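Below is the file run.tsv, which contains TSV, C-alpha atoms and all ligand atoms.
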```
chain	number	residue	atom	x	y	z
A	1	MET	CA	92.16	101.19	120.73
A	2	THR	CA	92.72	97.90	122.56
A	3	THR	CA	96.16	96.37	122.73
A	4	SER	CA	96.31	92.61	122.06
A	5	VAL	CA	100.04	92.17	122.56
A	6	ARG	CA	102.43	94.28	124.58
A	7	ALA	CA	106.06	93.17	124.58
A	8	GLU	CA	108.63	95.05	126.66
A	9	SER	CA	112.31	94.21	126.33
A	10	LEU	CA	111.31	90.62	125.58
A	11	THR	CA	114.43	88.46	125.54
A	12	ARG	CA	115.26	84.82	125.03
A	13	ARG	CA	118.68	83.31	125.48
A	14	PHE	CA	119.80	79.77	124.70
A	15	GLY	CA	122.93	79.38	126.83
A	16	SER	CA	125.02	82.43	126.04
A	17	PHE	CA	123.36	82.93	122.61
A	18	VAL	CA	120.77	85.71	122.51
A	19	ALA	CA	118.05	84.62	120.05
A	20	VAL	CA	115.63	87.47	120.87
A	21	ASP	CA	117.29	90.62	122.14
A	22	ALA	CA	115.14	92.95	124.26
A	23	ILE	CA	112.43	93.68	121.68
A	24	SER	CA	109.47	95.93	122.47
A	25	PHE	CA	106.30	96.35	120.44
A	26	ASP	CA	102.52	96.64	120.69
A	27	ILE	CA	99.95	94.93	118.49
A	28	HIS	CA	96.51	96.55	118.38
A	29	ALA	CA	93.28	94.57	118.23
A	30	GLY	CA	92.18	93.68	114.72
A	31	GLU	CA	95.57	94.40	113.21
A	32	ILE	CA	97.49	92.14	110.85
A	33	TRP	CA	100.99	92.46	112.23
A	34	GLY	CA	103.71	91.02	110.03
A	35	PHE	CA	107.02	89.81	111.37
A	36	LEU	CA	109.77	89.62	108.77
A	37	GLY	CA	113.38	88.59	109.05
A	38	PRO	CA	115.98	86.22	107.63
A	39	ASN	CA	116.29	82.60	108.78
A	40	GLY	CA	117.37	82.37	112.39
A	41	SER	CA	116.56	85.99	113.22
A	42	GLY	CA	114.28	85.00	116.13
A	43	LYS	CA	110.73	85.18	114.71
A	44	SER	CA	109.58	81.73	115.83
A	45	THR	CA	111.27	82.12	119.20
A	46	THR	CA	109.34	85.36	119.78
A	47	ILE	CA	106.05	83.76	118.76
A	48	ARG	CA	106.69	80.75	120.98
A	49	MET	CA	107.20	83.08	123.95
A	50	LEU	CA	104.00	84.99	123.16
A	51	CYS	CA	102.03	81.73	122.88
A	52	GLY	CA	103.12	80.58	126.33
A	53	VAL	CA	105.16	77.69	124.88
A	54	LEU	CA	108.63	79.01	125.74
A	55	ALA	CA	109.49	81.03	128.85
A	56	PRO	CA	111.12	84.43	128.27
A	57	SER	CA	114.62	84.81	129.76
A	58	ASP	CA	114.01	88.48	130.45
A	59	GLY	CA	111.55	91.27	129.82
A	60	LYS	CA	107.80	90.98	129.77
A	61	ALA	CA	104.93	90.21	127.42
A	62	GLU	CA	101.18	90.43	127.81
A	63	VAL	CA	98.83	88.73	125.37
A	64	LEU	CA	95.14	89.68	125.65
A	65	GLY	CA	96.02	91.23	129.00
A	66	ILE	CA	97.58	88.03	130.36
A	67	ASP	CA	101.24	87.91	131.43
A	68	VAL	CA	102.75	85.07	129.37
A	69	ALA	CA	105.37	84.18	131.99
A	70	ARG	CA	102.93	84.20	134.90
A	71	ASP	CA	100.02	82.35	133.28
A	72	PRO	CA	101.06	80.60	130.05
A	73	GLU	CA	98.19	78.10	130.25
A	74	ALA	CA	95.58	80.88	130.23
A	75	VAL	CA	97.25	82.38	127.16
A	76	LYS	CA	97.16	79.04	125.32
A	77	LEU	CA	93.39	78.73	125.83
A	78	ARG	CA	92.64	82.21	124.48
A	79	ILE	CA	94.82	82.23	121.37
A	80	GLY	CA	95.27	80.20	118.20
A	81	TYR	CA	98.78	79.11	117.22
A	82	MET	CA	99.69	77.67	113.85
A	83	SER	CA	103.29	76.67	114.39
A	84	GLN	CA	105.96	76.60	111.71
A	85	GLY	CA	105.78	73.27	109.88
A	86	SER	CA	102.55	72.74	111.71
A	87	THR	CA	101.72	69.27	112.85
A	88	LEU	CA	98.97	67.21	111.28
A	89	TRP	CA	98.57	63.46	111.48
A	90	GLY	CA	98.89	61.86	108.07
A	91	ASP	CA	96.58	59.01	109.00
A	92	LEU	CA	93.68	61.14	110.30
A	93	THR	CA	91.07	62.59	107.95
A	94	VAL	CA	90.13	66.26	107.75
A	95	LEU	CA	87.01	65.65	109.83
A	96	GLU	CA	88.89	63.57	112.41
A	97	HIS	CA	91.40	66.39	112.86
A	98	LEU	CA	88.70	68.96	113.43
A	99	ARG	CA	86.84	66.68	115.86
A	100	PHE	CA	90.07	66.09	117.75
A	101	TYR	CA	90.66	69.83	118.14
A	102	ALA	CA	87.00	70.44	119.06
A	103	GLY	CA	87.44	67.89	121.86
A	104	LEU	CA	90.69	69.50	122.98
A	105	TYR	CA	88.93	72.84	123.43
A	106	GLY	CA	85.89	71.25	125.10
A	107	MET	CA	83.52	71.90	122.20
A	108	SER	CA	81.49	68.73	122.04
A	109	GLY	CA	77.99	68.05	120.72
A	110	ARG	CA	76.06	70.30	118.37
A	111	ASP	CA	78.13	73.43	118.92
A	112	GLY	CA	81.34	71.61	118.04
A	113	GLU	CA	79.83	69.98	114.93
A	114	GLN	CA	78.39	73.30	113.75
A	115	ARG	CA	81.74	75.00	114.06
A	116	ILE	CA	83.46	72.14	112.24
A	117	VAL	CA	80.99	72.33	109.35
A	118	ALA	CA	81.33	76.14	109.20
A	119	TRP	CA	85.12	76.03	109.14
A	120	MET	CA	85.25	73.27	106.56
A	121	GLN	CA	83.06	75.42	104.33
A	122	ARG	CA	85.06	78.57	104.92
A	123	THR	CA	88.39	76.94	104.19
A	124	GLY	CA	87.07	74.97	101.20
A	125	LEU	CA	87.59	71.61	102.90
A	126	SER	CA	83.99	70.29	102.88
A	127	GLU	CA	84.52	68.15	99.78
A	128	ARG	CA	87.68	66.69	101.30
A	129	ARG	CA	86.29	65.95	104.77
A	130	ASP	CA	87.01	62.22	104.51
A	131	GLN	CA	90.46	62.52	102.93
A	132	LEU	CA	93.51	61.65	104.97
A	133	ALA	CA	95.59	64.73	105.85
A	134	GLY	CA	98.64	62.92	104.46
A	135	ALA	CA	96.98	62.76	101.03
A	136	LEU	CA	95.98	66.43	100.86
A	137	PRO	CA	97.80	68.84	98.53
A	138	GLY	CA	100.10	71.24	100.45
A	139	GLY	CA	97.73	74.22	100.22
A	140	TYR	CA	94.87	72.19	101.71
A	141	ARG	CA	97.05	70.88	104.53
A	142	LYS	CA	97.72	74.51	105.50
A	143	ARG	CA	93.99	75.30	105.32
A	144	LEU	CA	93.28	72.37	107.63
A	145	ALA	CA	95.95	73.56	110.08
A	146	LEU	CA	94.35	77.02	109.98
A	147	ALA	CA	90.84	75.62	110.57
A	148	CYS	CA	92.17	73.66	113.59
A	149	THR	CA	93.76	76.89	114.87
A	150	LEU	CA	90.51	78.85	114.54
A	151	LEU	CA	87.90	76.37	115.66
A	152	HIS	CA	87.62	77.77	119.19
A	153	ALA	CA	87.20	81.34	117.83
A	154	PRO	CA	90.34	82.84	119.40
A	155	GLN	CA	90.58	86.64	119.58
A	156	MET	CA	94.23	86.49	118.60
A	157	ILE	CA	96.07	84.14	116.27
A	158	PHE	CA	99.76	83.55	115.68
A	159	LEU	CA	100.60	82.17	112.24
A	160	ASP	CA	104.24	81.13	111.83
A	161	GLU	CA	104.98	80.87	108.09
A	162	PRO	CA	101.47	79.63	107.33
A	163	THR	CA	101.99	79.64	103.57
A	164	ALA	CA	105.53	78.23	103.30
A	165	GLY	CA	105.81	76.00	100.25
A	166	VAL	CA	102.27	76.76	99.05
A	167	ASP	CA	101.51	77.67	95.41
A	168	PRO	CA	100.65	81.31	94.57
A	169	VAL	CA	96.90	80.78	94.01
A	170	SER	CA	96.49	78.88	97.29
A	171	ARG	CA	98.53	81.57	99.06
A	172	ARG	CA	96.20	84.24	97.76
A	173	GLU	CA	93.13	82.29	98.91
A	174	PHE	CA	94.74	81.73	102.30
A	175	TRP	CA	95.38	85.45	102.65
A	176	ASP	CA	91.74	86.23	101.71
A	177	ILE	CA	90.77	84.26	104.82
A	178	ILE	CA	93.34	86.07	107.00
A	179	VAL	CA	92.13	89.49	105.82
A	180	GLU	CA	88.48	88.51	106.45
A	181	LEU	CA	89.35	87.35	109.96
A	182	ALA	CA	91.05	90.65	110.74
A	183	ASP	CA	88.03	92.53	109.35
A	184	GLU	CA	85.90	90.58	111.82
A	185	GLY	CA	88.16	91.76	114.66
A	186	THR	CA	90.64	88.91	115.09
A	187	THR	CA	94.20	90.09	115.76
A	188	VAL	CA	96.79	88.36	113.58
A	189	MET	CA	100.53	88.10	114.10
A	190	VAL	CA	102.07	86.42	111.06
A	191	THR	CA	105.53	85.60	109.78
A	192	THR	CA	106.39	85.08	106.15
A	193	HIS	CA	109.32	85.07	103.75
A	194	TYR	CA	107.01	86.07	100.87
A	195	LEU	CA	107.23	89.84	100.73
A	196	ASP	CA	104.20	90.16	98.43
A	197	GLU	CA	102.20	88.82	101.40
A	198	ALA	CA	103.67	91.43	103.71
A	199	GLU	CA	101.77	94.06	101.69
A	200	HIS	CA	98.53	92.76	103.31
A	201	CYS	CA	99.80	93.64	106.79
A	202	ASN	CA	98.80	96.84	108.63
A	203	GLN	CA	102.10	96.94	110.47
A	204	LEU	CA	105.43	95.29	109.82
A	205	ALA	CA	108.49	94.73	111.94
A	206	MET	CA	111.79	93.55	110.49
A	207	LEU	CA	113.93	91.44	112.78
A	208	TYR	CA	117.67	90.92	112.41
A	209	ASN	CA	119.86	89.02	114.87
A	210	GLY	CA	117.07	89.14	117.44
A	211	LYS	CA	116.57	92.91	117.21
A	212	ILE	CA	113.83	94.92	115.50
A	213	VAL	CA	115.70	97.01	112.94
A	214	ALA	CA	112.74	98.63	111.14
A	215	ARG	CA	109.02	98.95	111.71
A	216	GLY	CA	105.99	100.71	110.34
A	217	THR	CA	103.28	100.33	107.73
A	218	PRO	CA	104.34	98.78	104.41
A	219	GLU	CA	104.10	102.25	102.84
A	220	SER	CA	106.12	104.02	105.51
A	221	LEU	CA	108.90	101.41	105.31
A	222	LYS	CA	109.29	102.16	101.61
A	223	HIS	CA	110.10	105.77	102.49
A	224	LEU	CA	112.72	105.19	105.19
A	225	PRO	CA	115.42	107.85	104.74
A	226	GLN	CA	118.19	105.25	105.03
A	227	LEU	CA	117.03	103.62	101.77
A	228	GLY	CA	118.41	106.49	99.69
A	229	THR	CA	117.14	106.41	96.11
A	230	THR	CA	115.86	103.35	94.27
A	231	VAL	CA	115.90	103.19	90.48
A	232	GLU	CA	114.54	100.73	87.96
A	233	ILE	CA	116.40	99.63	84.84
A	234	LEU	CA	114.64	97.96	81.93
A	235	SER	CA	116.73	95.76	79.68
A	236	ASP	CA	116.50	92.59	77.60
A	237	ASP	CA	119.61	91.40	79.42
A	238	CYS	CA	118.95	92.19	83.08
A	239	VAL	CA	121.42	89.56	84.28
A	240	GLY	CA	124.18	91.07	82.12
A	241	VAL	CA	123.36	94.56	83.38
A	242	LEU	CA	123.31	93.31	86.99
A	243	GLU	CA	126.80	91.83	86.58
A	244	ALA	CA	128.03	95.06	85.00
A	245	ILE	CA	126.75	97.40	87.69
A	246	GLU	CA	126.78	95.58	91.02
A	247	THR	CA	130.46	96.26	91.62
A	248	LEU	CA	130.23	99.99	90.86
A	249	PRO	CA	131.33	101.88	93.98
A	250	PHE	CA	128.18	104.01	94.19
A	251	VAL	CA	125.77	101.05	93.81
A	252	ARG	CA	124.63	100.05	97.31
A	253	GLY	CA	122.61	97.05	96.18
A	254	ALA	CA	120.99	95.63	93.07
A	255	GLY	CA	118.66	92.77	92.30
A	256	LEU	CA	116.27	91.38	89.72
A	257	TYR	CA	112.70	92.52	90.25
A	258	GLY	CA	110.21	90.83	87.94
A	259	SER	CA	111.45	91.52	84.42
A	260	SER	CA	113.46	94.58	85.49
A	261	LEU	CA	116.31	95.49	87.82
A	262	HIS	CA	116.06	97.52	91.02
A	263	VAL	CA	119.17	99.36	92.13
A	264	ALA	CA	119.75	101.10	95.47
A	265	LEU	CA	121.76	104.32	95.33
A	266	ALA	CA	122.84	106.63	98.12
A	267	SER	CA	121.11	109.65	96.58
A	268	ALA	CA	119.46	111.02	93.45
A	269	ALA	CA	122.83	112.50	92.46
A	270	ASP	CA	124.04	109.00	91.59
A	271	ILE	CA	121.32	108.41	88.97
A	272	GLU	CA	123.29	110.32	86.35
A	273	ARG	CA	126.50	108.43	87.15
A	274	LEU	CA	124.67	105.12	86.83
A	275	GLY	CA	123.12	106.24	83.54
A	276	ALA	CA	126.57	107.14	82.18
A	277	ALA	CA	128.00	103.78	83.28
A	278	LEU	CA	125.12	101.95	81.58
A	279	ALA	CA	125.53	103.92	78.34
A	280	ALA	CA	129.27	103.13	78.35
A	281	SER	CA	128.61	99.41	78.93
A	282	GLY	CA	126.99	99.00	75.50
A	283	LEU	CA	124.45	96.55	76.96
A	284	GLY	CA	121.53	98.48	75.51
A	285	ALA	CA	119.76	99.13	78.83
A	286	GLN	CA	117.17	101.91	79.24
A	287	PRO	CA	118.25	104.88	81.40
A	288	PRO	CA	117.56	104.34	85.14
A	289	GLN	CA	114.26	105.74	86.42
A	290	PRO	CA	113.45	106.52	90.08
A	291	VAL	CA	110.78	104.20	91.57
A	292	VAL	CA	109.19	103.60	94.95
A	293	PRO	CA	111.15	100.66	96.40
A	294	SER	CA	109.39	97.34	96.83
A	295	LEU	CA	109.30	95.63	100.24
A	296	GLU	CA	111.96	93.29	98.83
A	297	ASP	CA	114.20	96.31	98.25
A	298	VAL	CA	113.52	97.50	101.80
A	299	PHE	CA	114.23	94.06	103.23
A	300	ALA	CA	117.47	93.69	101.25
A	301	SER	CA	118.60	97.11	102.37
A	302	VAL	CA	117.69	96.74	106.04
A	303	VAL	CA	118.52	93.11	106.78
A	304	GLY	CA	120.36	91.71	103.75
A	305	SER	CA	119.03	89.52	100.96
A	306	PRO	CA	116.00	87.36	101.78
B	401	LIG	N1	115.74	75.39	121.53
B	401	LIG	C1	116.79	76.04	121.01
B	401	LIG	N2	118.04	75.84	121.46
B	401	LIG	C2	119.10	76.52	120.95
B	401	LIG	N3	119.00	77.44	119.98
B	401	LIG	C3	117.78	77.69	119.49
B	401	LIG	C4	116.60	77.01	119.97
B	401	LIG	N4	115.53	77.47	119.29
B	401	LIG	C5	116.00	78.40	118.42
B	401	LIG	N5	117.34	78.52	118.54
B	401	LIG	C6	118.20	79.45	117.78
B	401	LIG	O1	117.67	80.75	117.89
B	401	LIG	C7	117.81	81.46	116.67
B	401	LIG	C8	116.47	81.98	116.23
B	401	LIG	O2	115.66	80.89	115.81
B	401	LIG	P1	114.19	81.08	115.28
B	401	LIG	O3	113.67	79.70	115.00
B	401	LIG	O4	113.43	81.91	116.24
B	401	LIG	O5	114.42	81.89	113.93
B	401	LIG	P2	113.37	82.28	112.80
B	401	LIG	O6	113.50	83.74	112.59
B	401	LIG	O7	112.04	81.73	113.13
B	401	LIG	O8	113.98	81.55	111.51
B	401	LIG	P3	113.23	80.88	110.24
B	401	LIG	O9	112.93	81.98	109.29
B	401	LIG	O10	114.28	79.95	109.69
B	401	LIG	O11	112.04	80.15	110.73
B	401	LIG	C9	118.46	80.49	115.69
B	401	LIG	O12	119.84	80.73	115.66
B	401	LIG	C10	118.16	79.12	116.29
B	401	LIG	O13	119.16	78.20	115.94
B	402	MG	MG	110.81	80.39	112.24
```
For this file, produce the structure as structure tokens.
Ligand SMILES: Nc1ncnc2c1ncn2[C@@H]1O[C@H](COP(=O)(O)OP(=O)(O)OP(=O)(O)O)[C@@H](O)[C@H]1O
Ligand SMILES: [Mg+2]
Amino acid sequence: MTTSVRAESLTRRFGSFVAVDAISFDIHAGEIWGFLGPNGSGKSTTIRMLCGVLAPSDGKAEVLGIDVARDPEAVKLRIGYMSQGSTLWGDLTVLEHLRFYAGLYGMSGRDGEQRIVAWMQRTGLSERRDQLAGALPGGYRKRLALACTLLHAPQMIFLDEPTAGVDPVSRREFWDIIVELADEGTTVMVTTHYLDEAEHCNQLAMLYNGKIVARGTPESLKHLPQLGTTVEILSDDCVGVLEAIETLPFVRGAGLYGSSLHVALASAADIERLGAALAASGLGAQPPQPVVPSLEDVFASVVGSP
């Protein structure tokens, strides 16, 4: 198995503030590696170091075998980077953007045009080739940013919140493209605050205050011993039930989940106590049932509410 990213004690300080605190991880080729964490936890700072944009303060990182501190320019040429709030020019059309990026990566002539046509098709932008980027709906702006990121066929791409502010259908279509790319062998490191998207990742790491506090496959994270027991409560008045139970001493956390409630308990022994408290409340809730926690439950338990 080839390693696309190897980070060892990677650290970034801004003055005395430690934004990324000695994190170590490997990303294998062809993996979709998801990076989760609350605002300000250090996700973008890590990605910027890996993309050769920001120098590490300490530690080491290799991307596609290249040391990011020693040769950041070589890294930039080999990877694709879709930055957070990625930059497009409102007064350039879709086609003009792609031609600009083709030029930047030295893909002129027929090869460049063929790639542009192929990527416009793949991202559903062909019909909009002459529209100004500023006039595109949000989902299409993200697709254009992705096409610009992929035009030079990088082996590894870094996507920093690529679907922020995008509607659910467009997000799903965007993720179809990401999954296809990974199937074709592209390595993907991606950040998101949408935990439904994190289910598409092969590996996840949760960052908190610059440190990785949990990692593993989405499935393995749902079975971390520290999560205790998660139960679901069905009720017509979930908000009322939430208010009634969240201050109970044995409730470690509770939140709305779809049309039900998920409650974190220290152990299965607390299920009966919760059931008794619910029955006494007179709110008409169903008895609590054990469930596999969602990634939202895991996130809330490990790093606080998203
Ligand atoms: N150039 C900078 N100078 C000083 N502090 C910075 C700089 N860049 C980032 N930081 C700080 O480092 C911390 C981590 O920021 P970062 O942007 O990496 O977080 P993030 O996890 O990407 O957050 P978000 O989910 O909001 O995008 C924050 O406290 C931020 O204010
Ligand atoms: Mg960020």
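When the distance limit is 12 Å and only C-alpha atoms are what count, the residues near Gln114 of chain A, minus those fewer than 3 positions from it on the same chain, are A:Leu98, A:Arg99, A:Ala102, A:Met107, A:Ser108, A:Gly109, A:Arg110, A:Asp111, A:Val117, A:Ala118, A:Trp119, A:Met120, A:Gln121, A:Leu151, A:His152.
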Extract, using all atoms listed in the file, all DNA, RNA and protein residues at most 10 Å from segment 164-177 of chain A, discarding same-chain residues fewer than 2 positions from it, and format them as a ChimeraX atom specification.
-> /A:84-85,122-124,137-143,146,160-162,179-183,191-194,196-197,200
Kindly compile the residues surrounding ligand MG 402 (chain B) within 7 Å, counting all atoms listed in the file, and format them as number ranges by chain.
-> A: 39-40, 42-44, 84, 160
For Tyr105 of chain A, which residue out of A:Thr149, A:Ser281, A:Thr11, A:Thr163 is the nearest one, using all atoms listed in the file?
->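 Going through A:Thr149, A:Ser281, A:Thr11, A:Thr163 one by one, the smallest distance to Tyr105 of chain A is for A:Thr149.
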Using all atoms listed in the file, which of A:Glu8, A:Gly210, A:Ala264, A:Met156 sits nearest ligand LIG 401 (chain B)?
-> A:Gly210
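For the atom pair formed by atom CA of Arg115 of chain A and atom CA of Val63 of chain A, the distance is 24.7 Å, given to one decimal.
Distance-wise, atom CA of Glu96 of chain A and atom CA of Ile79 of chain A end up 21.5 Å apart.
With distances restricted to only C-alpha atoms and all ligand atoms, A:Lys211 is the closest residue to ligand LIG 401 (chain B) from A:Lys211, A:Arg6, A:His223, A:Arg128.
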Nearest-residue call for His28 of chain A, choices A:Ala133, A:Leu92, A:Val303, A:Val188, using only C-alpha atoms |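 When distances to His28 of chain A are compared using only C-alpha atoms, the smallest one comes from A:Val188.
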Shortest interatomic distance to Glu232 of chain A - which of A:Pro154, A:Gly185, A:Pro293, A:Gly112, counting all atoms listed in the file |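 Residue with the minimum atom-to-atom distance to Glu232 of chain A: A:Pro293.
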Counting all atoms listed in the file, the option among A:Ala205, A:Ile271, A:Ala19, A:Ile27 closest to Thr2 of chain A | A:Ile27
Coordinates-based distance that separates atom CA of Asp270 of chain A from atom CA of Thr247 of chain A (Å, one decimal) =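 Going from atom CA of Thr247 of chain A over to atom CA of Asp270 of chain A covers 14.3 Å.
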Using all atoms listed in the file, which residues sit within 6 Å of Gly34 of chain A once same-chain residues fewer than 6 positions away are excluded, as number ranges by chain?
-> A: 189-191, 201, 204
Non-local contacts of Ala69 of chain A (8 Å; all atoms listed in the file; under 2 positions in same chain excluded) as an MDAnalysis selection string | chainID A and resid 52 55:56 60:61 67 71:72
For Ala153 of chain A, list every protein, DNA or RNA residue within 9 Å, evaluated using all atoms listed in the file, and leave out those in the same chain fewer than 5 positions away; present the list as a PyMOL selection string.
-> chain A and resi 78-80+186
